[in-house]
Every structure is written in structure tokens, then in C-alpha cells.
Amino acid sequence: MPADTEPRPSTLTILKRLGGVLAPYQARVIGVALLISFSAALEAAGPQFVRYAFDVVIPGGEGTLFLWFGLAFAGFYLFRAVVEYGGMYWSFALTQQVVSDVRMEAYDHLLELPVSRFADEQSGSLSSRVVSDPNALEGMIQAAASRLTGQLVAILVVAAILVWMHWQLALVNLVVLPLLAVITYYYQEPLRTASRDIRETVARLTATSTEAIANIRVVKAFVGEDQERDRFGEQNQAYVDINLDRRKDVGKMEGLINVTANYGIGALLLVGGWMVTTGSLTLGELTAFIMYQRQLQGPVKAVMFFNDKLQAGVAALERLSSLMDTTPETGGDETDVPVGPLALEDVRFGYPEADEPALKDLSLRIEPGETAALVGSSGAGKSTAASLIGRFWDPQSGRVTIDGRDLREFDLKALRQRIALVPQSPTLFSGTVADNIRYADPDAPADAVRRAGRMANAHGFIERLPDGYATQIGERGVRLSGGQQQRVAIARAILKDATVLLLDEATSDLDSESEAVIQDALDGLFARGSQLISVVIAHRLSTIEDADTIFVMEDGQLVEQGTHDELLAQGGRYAELRALQRKSDTAPAMPEEEVDLEV
């Protein structure tokens, strides 16, 4: 479901989820907490040095006492610095490990989600959930897992010392604490709401910029820079406004906390000063008391200000939780995928929120070694049928089978290892040509990569590239032409050595010369083995005349099937589509200038 309609879990629920995140690191969390608690306890001894100096060392005036006091003072603070450094370093190391593991777990889960989940949210927003949101957890985890424990220990130790030294004066100190708690509680919900809005705005910013960058040629071709600038600027200003509103609340909370804490200091000076003048308190004790008051207020304010980090982390954890709670793709336990007929049996499928089903009781069968073509007008259901064969979606009724067995019986990875896809718009990754071909088999040797390139009719142009198969092709293969990208995609499919090949309108966007080259590559792929089932979704009917069976679809149903000659002889829908396309192909074309977009 979209992020803005997700139910919001309570803070307690989120903190339980945080506890689950930290559970695998329980021993390290406890160790770091103990180390920082020990450091906080050591800090509480500092004012006792001042009290002892004012009340004993200075009045005594003995040189030996001054020497031993100085040595003890220096040794104590050196030891304390070492302990503090250890607590700081191991706390940070723990936090980085937890955040790294959370990020990897979220990314692994993202890759396992069904295609339908990716249709619900922009890719940039999903990327934000696994990159930006785990980073937002860092402050909360470090504070909650380690420093918060140290602060609480410091509060308890200092409070105990204050009561031990002078319980009446300690009451002046301790009365401030409930007021600080009330202030913090009041601002909890506004900060959480603002933090959640900030995380969602960051996701929209990321999605907007990612979308524009990914489609930069279209942006420039349609002079859409101003539109994209306005879209990004709107989200950017929203981010600024939300941050300013949140900062107002943080400033108010911090201001009230500081004023209340300083009033506590003022009350201590007045009451304690009066006690010194009456002789019921020494100057050293009052000085130590004031120092303890500062020490007490530090961790108290840190605990109060932790609410800000807590709410930012809670907002990020909410978004992560909504991703992690999405059910991943599921498959069967069978890993041995047989070679056999591929069939759709009375398949009915509709996309979420669509008014009409895309496939209506569709049945067809393709034998091993056959090349089958799916043809029909736009929206007939051809690509949907191919998506069901690849198990990117599952039918609502009926089943898709191989050798008579439902595809849902097979382990998803094992099944997809036997299926190769060449989409209409080839998807390439940044890296070299060889990297993209080898994506089908990361361990494939160089000679296998070159053999796949030859079979795809790609070896010639690859060898002419500056570094041959080692040439960097840029993000999404931007340094290659459309035909070259398609041939690399076909080489990748060949290297996979699958038993089912899906070609989703692989030549529809190419000119006639490029189409002929690609068709040669496909002919080499089809001839690779007698057991290969090839399913071709054809836009240009001239490319599938030699198919063993042509399935003609309209409105999600099968209306005709047969060979090219048989369907033409019937004079039905296929013959009609063929006549319309031939008429379109022979119509005079408007002159146009060819633009080289290679970089």
C-alpha cells in the first residue's frame, strides 16, 4: 500500500521492533552499555576531587599532600579518558554494524518482493527505504543501545551521591526532573509526525531526481528541464518547510528544558549559599553540589533530547517495517525443473485495481523445440501471458504448467534459471559488455561469453568498440545504440542456456536494417537446441512468419492459432492484422533526420 495510507504503529510497537533489531547483538550491546556506564560512574568522582581540595588540601597547605593529590588527579582523568574512548569507539562500531546489517537485510528483502510491490511505489522511493532510512536509525540505535544506558546510570549515581551528601539540598535538585519529563512528553508526538514527514519527503525527492536522471534523453528531447526543475523544487521546498517546522518544535523543547535546568541551578545557589552562611554546609560541599548539578543536568537533558533522535529513528523504522512486513515472493520446494510442454490452462488474470481482467480463460500449449508467437492488437494480453510464464505474476484461476506441473510447485530461483527473457527495451547495467553478457552466468569463462556474442550477431560490433568486450557501456548501456543493446541482451539470454526463451517484442523499436540483424541473432538463438521453447511476442508480423505456431489474441482471449499460411488461408483476425500492417508498411513515410544519440 502507498506510504501515505499505511497504518501508523505505536511507539511501543516500534521500540519492540528495535529490540528485535538489536537482539542478535545482545552481548555486544550489554558490553558497550557496561563500559559506558562505568565511564559515567567515573565521572561522578570528579567533584569529590574539588571538594577534597577546597576542604582538606588547600586549608592544610602541605606540599606532600599537594603532590599526591596532583598525581591522583592526573592518573584518574587519564584512566577516565581511556575508558571514555573505548566506550565511544565500540559504541560507534556497534552502531555501524547494526545499520549495515539492517540495510543489507532490507535490500535482500526488497529483491525478494513480488513485481506487484514495485508497481505500488516509485523506484527512487524504494531505494530511499533501503539506503536513507537505515542511516536515519544511526542516532537512535547508538543512543538507545549504549549511551542512553550510560546516561541513566550517571543520573542514578549522581542522585545517590547528592542524597548522601545533603538530602535536604538534594531535594532542590531532584524537583526539576518531573518538569523536564513533562516537557519532553508534550513534544513527543509533534516530533514524531515531523520526522515521518521528513523521511517521506526525502523519499519523494529521491524518486523525483532518480526518475528524471533515468529518463534524461526524454527530458531533453521534450525540453522538459523546467518541468523537472519545478517538480524537484516543489519537493525540495517542502523538505525545507517541514525541517523548519520540526526545528521550531525542537528549539522550543530544548529552550524549555534549558530554562528549567538553569532555574534549578539558581535555586541551588540561593538555598546552598544561605546554608554556607549559616555554617550547615561547607564551601567545598556547595561547589561539589553545583558541579554534580551540572553533571546531573547533562545526562538528564541528554535523555530528554534523546526524544528527538528517537522520533526520527521511529519514523525511519516505520518505513522500514512497512517494507519488511511485505510478503516476499513464494515458490515451491521442487528444484528439478523438467523439460516438457509449456501450457496455460484456463488462465484468468487481472491486474490490481483494473476494471477488466487482462486474460480470460486463456489456454495454449507449446511443445519443446517449438517457436510460438503471440500476436494481437495492443492490450490483447500478450505481455501478460509472458509475465505469467516467467512467474512475475500468478493467475487468479487456472494454471501455468511445464511438463504438466504447475509452475508454483518449483523453487523460484530454479525455475527462473531455466527461463531467459529478452524484453522490448533491453535492460543493461553499468559496467563492461562482458559483465552484461555474463550477468546470466557470473562464472562463465571468456570463451563462452564470446561464443554467445557470436550467436547473437554481436561479436563484430563488440570487437570494434575501443576495448572490445571490456568496454564500459555506461548506465543502462547508454553508449550503445538500440540495436547493439538488444544484441547484447540476446547474447545474455543465450549464455543462460535456458529451456524457455521469452522475447517480448524484441524488434519493435528498431529500423528495418537493425531488425534484420536482430532477426539473424534470434535465428541463431532458436537453432541452439532442439529442446528450446521460444515464445515470441511480435509487433511486426513479418518477423514470426516461420514460427511453428502463431497464437492470435484479442481482449485477453485466444481467437486463432496455426501456422502463418494456415491463418492467412482462414482469412480471420490474423489475416486482417497482416493486411493492416502491410498497408502501413507501404504508406509513404514522412522524411526525418536521423540523430545519433550515442555518447
# chains A, B, ... in the order shown; residues from 1 in each chain; ligands from 1
>>> residues_around(residues="segment 382-389 of chain A", least_positions_apart="4", cutoff="8 Å", atoms="only C-alpha atoms", output="PyMOL selection string")
chain A and resi 358-359+374-376+393-395+400+502+504+535+537+553+556
>>> residues_around(residues="segment 259-274 of chain A", least_positions_apart="2", cutoff="9 Å", atoms="only C-alpha atoms", output="list in words")
Leu169, Ala170, Val172, Asn173, Leu174, Val175, Val176, Leu177, Leu179, Leu180, Glu254, Gly255, Leu256, Ile257, Val276, Thr277, Thr278, Gly279, Ser280, Leu281, Leu283, Leu286, Phe289, Ile290, Gln293, Arg294, Gln297 and Lys301 of chain A
>>> residues_around(residues="Met324 of chain A", least_positions_apart="4", cutoff="8 Å", atoms="only C-alpha atoms", output="list in words")
Ala106, His109, Leu110 and Leu320 of chain A
>>> residues_around(residues="segment 225-240 of chain A", least_positions_apart="4", cutoff="8 Å", atoms="only C-alpha atoms", output="MDAnalysis selection string")
chainID A and resid 198 201:202 204:205 208:209 212 219:220 244
>>> write_last_selection(atoms="N, CA and C atoms", output="CSV table (one decimal), in the first residue's frame")
chain,number,residue,atom,x,y,z
A,198,ILE,N,9.4,14.1,7.1
A,198,ILE,CA,10.7,14.4,6.5
A,198,ILE,C,11.2,13.1,5.8
A,201,THR,N,9.3,12.8,2.6
A,201,THR,CA,9.7,13.9,1.6
A,201,THR,C,11.1,13.6,1.0
A,202,VAL,N,12.0,13.0,1.8
A,202,VAL,CA,13.3,12.6,1.3
A,202,VAL,C,13.1,11.5,0.2
A,204,ARG,N,10.4,11.1,-1.7
A,204,ARG,CA,9.9,11.7,-2.9
A,204,ARG,C,11.0,12.5,-3.6
A,205,LEU,N,11.8,13.2,-2.9
A,205,LEU,CA,12.9,13.9,-3.6
A,205,LEU,C,13.8,12.9,-4.3
A,208,THR,N,11.9,11.6,-7.4
A,208,THR,CA,11.8,12.6,-8.5
A,208,THR,C,13.1,12.8,-9.2
A,209,SER,N,14.2,12.9,-8.5
A,209,SER,CA,15.5,13.1,-9.2
A,209,SER,C,15.9,11.8,-9.9
A,212,ALA,N,14.0,11.5,-13.2
A,212,ALA,CA,14.4,12.5,-14.2
A,212,ALA,C,15.8,12.1,-14.8
A,219,VAL,N,13.6,13.9,-21.2
A,219,VAL,CA,13.5,15.2,-20.7
A,219,VAL,C,14.1,16.3,-21.6
A,220,LYS,N,15.3,16.0,-22.2
A,220,LYS,CA,15.9,17.0,-23.1
A,220,LYS,C,15.2,17.0,-24.4
A,244,LEU,N,12.0,23.1,8.9
A,244,LEU,CA,11.9,24.3,9.7
A,244,LEU,C,10.8,24.2,10.8
>>> residues_around(residues="Asn135 of chain A", least_positions_apart="2", cutoff="10 Å", atoms="only C-alpha atoms", output="ChimeraX atom specification")
/A:96,99-100,102-103,128-133,137-140,313,316
>>> write_last_selection(atoms="all heavy atoms", output="tab-separated table (two decimals), in the first residue's frame")
chain	number	residue	atom	x	y	z
A	96	GLN	N	27.42	1.07	13.59
A	96	GLN	CA	27.67	0.90	12.16
A	96	GLN	C	27.37	-0.53	11.71
A	96	GLN	O	26.83	-0.76	10.62
A	96	GLN	CB	29.12	1.26	11.84
A	96	GLN	CG	29.45	2.73	12.01
A	96	GLN	CD	28.55	3.62	11.18
A	96	GLN	OE1	28.40	3.44	9.97
A	96	GLN	NE2	27.91	4.59	11.82
A	99	VAL	N	23.47	-0.95	11.62
A	99	VAL	CA	22.88	-0.23	10.49
A	99	VAL	C	23.24	-0.93	9.17
A	99	VAL	O	22.39	-1.07	8.28
A	99	VAL	CB	23.36	1.24	10.48
A	99	VAL	CG1	22.93	1.93	9.19
A	99	VAL	CG2	22.79	1.99	11.67
A	100	SER	N	24.48	-1.39	9.05
A	100	SER	CA	24.89	-2.10	7.85
A	100	SER	C	24.07	-3.37	7.66
A	100	SER	O	23.60	-3.67	6.55
A	100	SER	CB	26.37	-2.44	7.92
A	100	SER	OG	26.77	-3.24	6.83
A	102	VAL	N	21.09	-4.03	8.93
A	102	VAL	CA	19.69	-3.67	8.65
A	102	VAL	C	19.55	-3.29	7.18
A	102	VAL	O	18.59	-3.68	6.50
A	102	VAL	CB	19.24	-2.50	9.56
A	102	VAL	CG1	17.92	-1.91	9.06
A	102	VAL	CG2	19.09	-2.97	11.00
A	103	ARG	N	20.51	-2.52	6.67
A	103	ARG	CA	20.46	-2.11	5.27
A	103	ARG	C	20.52	-3.31	4.33
A	103	ARG	O	19.76	-3.41	3.36
A	103	ARG	CB	21.62	-1.15	4.97
A	103	ARG	CG	21.57	-0.53	3.58
A	103	ARG	CD	22.79	0.33	3.32
A	103	ARG	NE	22.87	1.45	4.24
A	103	ARG	CZ	23.83	1.60	5.14
A	103	ARG	NH1	24.79	0.71	5.24
A	103	ARG	NH2	23.83	2.64	5.93
A	128	SER	N	15.18	4.74	-1.34
A	128	SER	CA	15.34	5.53	-0.13
A	128	SER	C	15.08	4.69	1.11
A	128	SER	O	15.72	4.88	2.15
A	128	SER	CB	14.37	6.72	-0.16
A	128	SER	OG	14.41	7.44	1.05
A	129	ARG	N	14.17	3.74	1.02
A	129	ARG	CA	13.86	2.90	2.17
A	129	ARG	C	15.03	2.01	2.58
A	129	ARG	O	15.17	1.67	3.75
A	129	ARG	CB	12.64	2.01	1.87
A	129	ARG	CG	11.32	2.78	1.83
A	129	ARG	CD	10.17	1.83	1.55
A	129	ARG	NE	8.91	2.55	1.37
A	129	ARG	CZ	7.95	2.62	2.28
A	129	ARG	NH1	8.09	2.02	3.43
A	129	ARG	NH2	6.84	3.29	2.03
A	130	VAL	N	15.87	1.63	1.63
A	130	VAL	CA	16.97	0.72	1.96
A	130	VAL	C	18.32	1.43	2.05
A	130	VAL	O	19.30	0.81	2.45
A	130	VAL	CB	17.06	-0.43	0.93
A	130	VAL	CG1	15.79	-1.24	0.92
A	130	VAL	CG2	17.37	0.10	-0.46
A	131	VAL	N	18.38	2.71	1.68
A	131	VAL	CA	19.64	3.44	1.78
A	131	VAL	C	19.53	4.56	2.82
A	131	VAL	O	20.31	4.61	3.78
A	131	VAL	CB	20.03	4.04	0.41
A	131	VAL	CG1	21.30	4.89	0.54
A	131	VAL	CG2	20.24	2.94	-0.61
A	132	SER	N	18.58	5.45	2.65
A	132	SER	CA	18.48	6.62	3.52
A	132	SER	C	17.87	6.29	4.88
A	132	SER	O	18.37	6.74	5.91
A	132	SER	CB	17.63	7.70	2.82
A	132	SER	OG	17.46	8.82	3.66
A	133	ASP	N	16.82	5.49	4.90
A	133	ASP	CA	16.14	5.21	6.17
A	133	ASP	C	17.02	4.47	7.17
A	133	ASP	O	17.02	4.81	8.36
A	133	ASP	CB	14.84	4.44	5.92
A	133	ASP	CG	13.78	5.32	5.27
A	133	ASP	OD1	13.88	6.55	5.38
A	133	ASP	OD2	12.84	4.78	4.65
A	137	LEU	N	18.49	5.61	11.29
A	137	LEU	CA	18.44	4.83	12.53
A	137	LEU	C	19.69	5.00	13.37
A	137	LEU	O	19.71	4.66	14.55
A	137	LEU	CB	18.27	3.34	12.21
A	137	LEU	CG	16.96	2.89	11.58
A	137	LEU	CD1	17.04	1.41	11.27
A	137	LEU	CD2	15.80	3.16	12.51
A	138	GLU	N	20.76	5.52	12.74
A	138	GLU	CA	22.07	5.50	13.40
A	138	GLU	C	22.04	6.22	14.75
A	138	GLU	O	22.50	5.68	15.77
A	138	GLU	CB	23.11	6.14	12.49
A	138	GLU	CG	24.51	6.11	13.06
A	138	GLU	CD	25.55	6.60	12.06
A	138	GLU	OE1	25.31	6.49	10.84
A	138	GLU	OE2	26.59	7.10	12.52
A	139	GLY	N	21.50	7.45	14.77
A	139	GLY	CA	21.49	8.21	16.02
A	139	GLY	C	20.67	7.52	17.09
A	139	GLY	O	21.08	7.47	18.27
A	140	MET	N	19.51	6.97	16.70
A	140	MET	CA	18.66	6.32	17.69
A	140	MET	C	19.32	5.05	18.23
A	140	MET	O	19.30	4.80	19.44
A	140	MET	CB	17.30	5.97	17.08
A	140	MET	CG	16.35	5.31	18.07
A	140	MET	SD	14.71	4.95	17.40
A	140	MET	CE	15.07	3.60	16.30
A	313	GLY	N	14.28	8.26	14.46
A	313	GLY	CA	14.52	6.84	14.22
A	313	GLY	C	13.24	6.05	14.09
A	313	GLY	O	13.14	5.13	13.27
A	316	ALA	N	11.87	6.46	10.61
A	316	ALA	CA	12.61	5.64	9.65
A	316	ALA	C	12.27	4.17	9.83
A	316	ALA	O	12.10	3.43	8.85
A	316	ALA	CB	14.11	5.86	9.82
>>> closest_residue(among="A:Ile494, A:Val98, A:Ala288, A:Ala154", to="Ile419 of chain A", atoms="only C-alpha atoms")
A:Ile494
>>> decode(residues="segment 33-56 of chain A", atoms="N, CA, C and O atoms", output="PDB file, in the first residue's frame")
ATOM      1  N   ALA A  33      27.247  -1.054  26.851  1.00  0.00           N
ATOM      2  CA  ALA A  33      26.484  -0.337  27.872  1.00  0.00           C
ATOM      3  C   ALA A  33      27.216  -0.343  29.211  1.00  0.00           C
ATOM      4  O   ALA A  33      27.259   0.675  29.922  1.00  0.00           O
ATOM      5  N   LEU A  34      27.808  -1.483  29.568  1.00  0.00           N
ATOM      6  CA  LEU A  34      28.558  -1.567  30.820  1.00  0.00           C
ATOM      7  C   LEU A  34      29.787  -0.663  30.787  1.00  0.00           C
ATOM      8  O   LEU A  34      30.112   0.003  31.781  1.00  0.00           O
ATOM      9  N   LEU A  35      30.484  -0.642  29.642  1.00  0.00           N
ATOM     10  CA  LEU A  35      31.673   0.196  29.534  1.00  0.00           C
ATOM     11  C   LEU A  35      31.313   1.678  29.666  1.00  0.00           C
ATOM     12  O   LEU A  35      31.992   2.430  30.379  1.00  0.00           O
ATOM     13  N   ILE A  36      30.232   2.089  28.997  1.00  0.00           N
ATOM     14  CA  ILE A  36      29.825   3.492  29.074  1.00  0.00           C
ATOM     15  C   ILE A  36      29.262   3.806  30.455  1.00  0.00           C
ATOM     16  O   ILE A  36      29.445   4.913  30.981  1.00  0.00           O
ATOM     17  N   SER A  37      28.579   2.846  31.076  1.00  0.00           N
ATOM     18  CA  SER A  37      28.084   3.059  32.436  1.00  0.00           C
ATOM     19  C   SER A  37      29.242   3.243  33.412  1.00  0.00           C
ATOM     20  O   SER A  37      29.186   4.085  34.318  1.00  0.00           O
ATOM     21  N   PHE A  38      30.310   2.445  33.226  1.00  0.00           N
ATOM     22  CA  PHE A  38      31.484   2.588  34.070  1.00  0.00           C
ATOM     23  C   PHE A  38      32.114   3.959  33.879  1.00  0.00           C
ATOM     24  O   PHE A  38      32.545   4.612  34.849  1.00  0.00           O
ATOM     25  N   SER A  39      32.163   4.423  32.625  1.00  0.00           N
ATOM     26  CA  SER A  39      32.695   5.754  32.348  1.00  0.00           C
ATOM     27  C   SER A  39      31.852   6.828  33.028  1.00  0.00           C
ATOM     28  O   SER A  39      32.395   7.793  33.597  1.00  0.00           O
ATOM     29  N   ALA A  40      30.513   6.670  33.004  1.00  0.00           N
ATOM     30  CA  ALA A  40      29.628   7.644  33.661  1.00  0.00           C
ATOM     31  C   ALA A  40      29.824   7.633  35.166  1.00  0.00           C
ATOM     32  O   ALA A  40      29.797   8.689  35.828  1.00  0.00           O
ATOM     33  N   ALA A  41      30.030   6.433  35.734  1.00  0.00           N
ATOM     34  CA  ALA A  41      30.269   6.344  37.184  1.00  0.00           C
ATOM     35  C   ALA A  41      31.587   7.011  37.559  1.00  0.00           C
ATOM     36  O   ALA A  41      31.687   7.672  38.610  1.00  0.00           O
ATOM     37  N   LEU A  42      32.613   6.860  36.703  1.00  0.00           N
ATOM     38  CA  LEU A  42      33.890   7.516  36.974  1.00  0.00           C
ATOM     39  C   LEU A  42      33.741   9.036  36.978  1.00  0.00           C
ATOM     40  O   LEU A  42      34.382   9.730  37.780  1.00  0.00           O
ATOM     41  N   GLU A  43      32.906   9.533  36.069  1.00  0.00           N
ATOM     42  CA  GLU A  43      32.703  10.980  36.000  1.00  0.00           C
ATOM     43  C   GLU A  43      32.156  11.528  37.308  1.00  0.00           C
ATOM     44  O   GLU A  43      32.452  12.661  37.705  1.00  0.00           O
ATOM     45  N   ALA A  44      31.354  10.712  37.993  1.00  0.00           N
ATOM     46  CA  ALA A  44      30.747  11.174  39.247  1.00  0.00           C
ATOM     47  C   ALA A  44      31.776  11.398  40.345  1.00  0.00           C
ATOM     48  O   ALA A  44      31.490  12.083  41.342  1.00  0.00           O
ATOM     49  N   ALA A  45      32.997  10.855  40.189  1.00  0.00           N
ATOM     50  CA  ALA A  45      34.030  11.047  41.216  1.00  0.00           C
ATOM     51  C   ALA A  45      34.726  12.391  41.084  1.00  0.00           C
ATOM     52  O   ALA A  45      35.401  12.830  42.027  1.00  0.00           O
ATOM     53  N   GLY A  46      34.572  13.060  39.948  1.00  0.00           N
ATOM     54  CA  GLY A  46      35.283  14.314  39.710  1.00  0.00           C
ATOM     55  C   GLY A  46      35.029  15.383  40.753  1.00  0.00           C
ATOM     56  O   GLY A  46      35.986  15.959  41.306  1.00  0.00           O
ATOM     57  N   PRO A  47      33.780  15.714  41.050  1.00  0.00           N
ATOM     58  CA  PRO A  47      33.539  16.770  42.044  1.00  0.00           C
ATOM     59  C   PRO A  47      34.116  16.457  43.430  1.00  0.00           C
ATOM     60  O   PRO A  47      34.362  17.377  44.218  1.00  0.00           O
ATOM     61  N   GLN A  48      34.310  15.177  43.730  1.00  0.00           N
ATOM     62  CA  GLN A  48      34.884  14.851  45.030  1.00  0.00           C
ATOM     63  C   GLN A  48      36.330  15.322  45.119  1.00  0.00           C
ATOM     64  O   GLN A  48      36.811  15.665  46.220  1.00  0.00           O
ATOM     65  N   PHE A  49      37.041  15.351  43.993  1.00  0.00           N
ATOM     66  CA  PHE A  49      38.388  15.923  43.989  1.00  0.00           C
ATOM     67  C   PHE A  49      38.326  17.411  44.364  1.00  0.00           C
ATOM     68  O   PHE A  49      39.155  17.908  45.136  1.00  0.00           O
ATOM     69  N   VAL A  50      37.352  18.142  43.792  1.00  0.00           N
ATOM     70  CA  VAL A  50      37.214  19.569  44.081  1.00  0.00           C
ATOM     71  C   VAL A  50      36.858  19.778  45.554  1.00  0.00           C
ATOM     72  O   VAL A  50      37.430  20.654  46.244  1.00  0.00           O
ATOM     73  N   ARG A  51      35.895  18.995  46.055  1.00  0.00           N
ATOM     74  CA  ARG A  51      35.504  19.132  47.466  1.00  0.00           C
ATOM     75  C   ARG A  51      36.697  18.874  48.377  1.00  0.00           C
ATOM     76  O   ARG A  51      36.945  19.636  49.337  1.00  0.00           O
ATOM     77  N   TYR A  52      37.465  17.806  48.079  1.00  0.00           N
ATOM     78  CA  TYR A  52      38.609  17.453  48.911  1.00  0.00           C
ATOM     79  C   TYR A  52      39.688  18.540  48.851  1.00  0.00           C
ATOM     80  O   TYR A  52      40.335  18.862  49.859  1.00  0.00           O
ATOM     81  N   ALA A  53      39.868  19.120  47.671  1.00  0.00           N
ATOM     82  CA  ALA A  53      40.866  20.184  47.536  1.00  0.00           C
ATOM     83  C   ALA A  53      40.484  21.410  48.347  1.00  0.00           C
ATOM     84  O   ALA A  53      41.322  22.009  49.041  1.00  0.00           O
ATOM     85  N   PHE A  54      39.197  21.841  48.260  1.00  0.00           N
ATOM     86  CA  PHE A  54      38.765  23.037  48.978  1.00  0.00           C
ATOM     87  C   PHE A  54      38.728  22.827  50.492  1.00  0.00           C
ATOM     88  O   PHE A  54      39.049  23.740  51.265  1.00  0.00           O
ATOM     89  N   ASP A  55      38.324  21.624  50.900  1.00  0.00           N
ATOM     90  CA  ASP A  55      38.095  21.407  52.331  1.00  0.00           C
ATOM     91  C   ASP A  55      39.298  20.809  53.061  1.00  0.00           C
ATOM     92  O   ASP A  55      39.393  20.916  54.291  1.00  0.00           O
ATOM     93  N   VAL A  56      40.242  20.167  52.346  1.00  0.00           N
ATOM     94  CA  VAL A  56      41.342  19.480  53.015  1.00  0.00           C
ATOM     95  C   VAL A  56      42.711  19.954  52.510  1.00  0.00           C
ATOM     96  O   VAL A  56      43.564  20.400  53.285  1.00  0.00           O
TER      97      VAL A  56
END
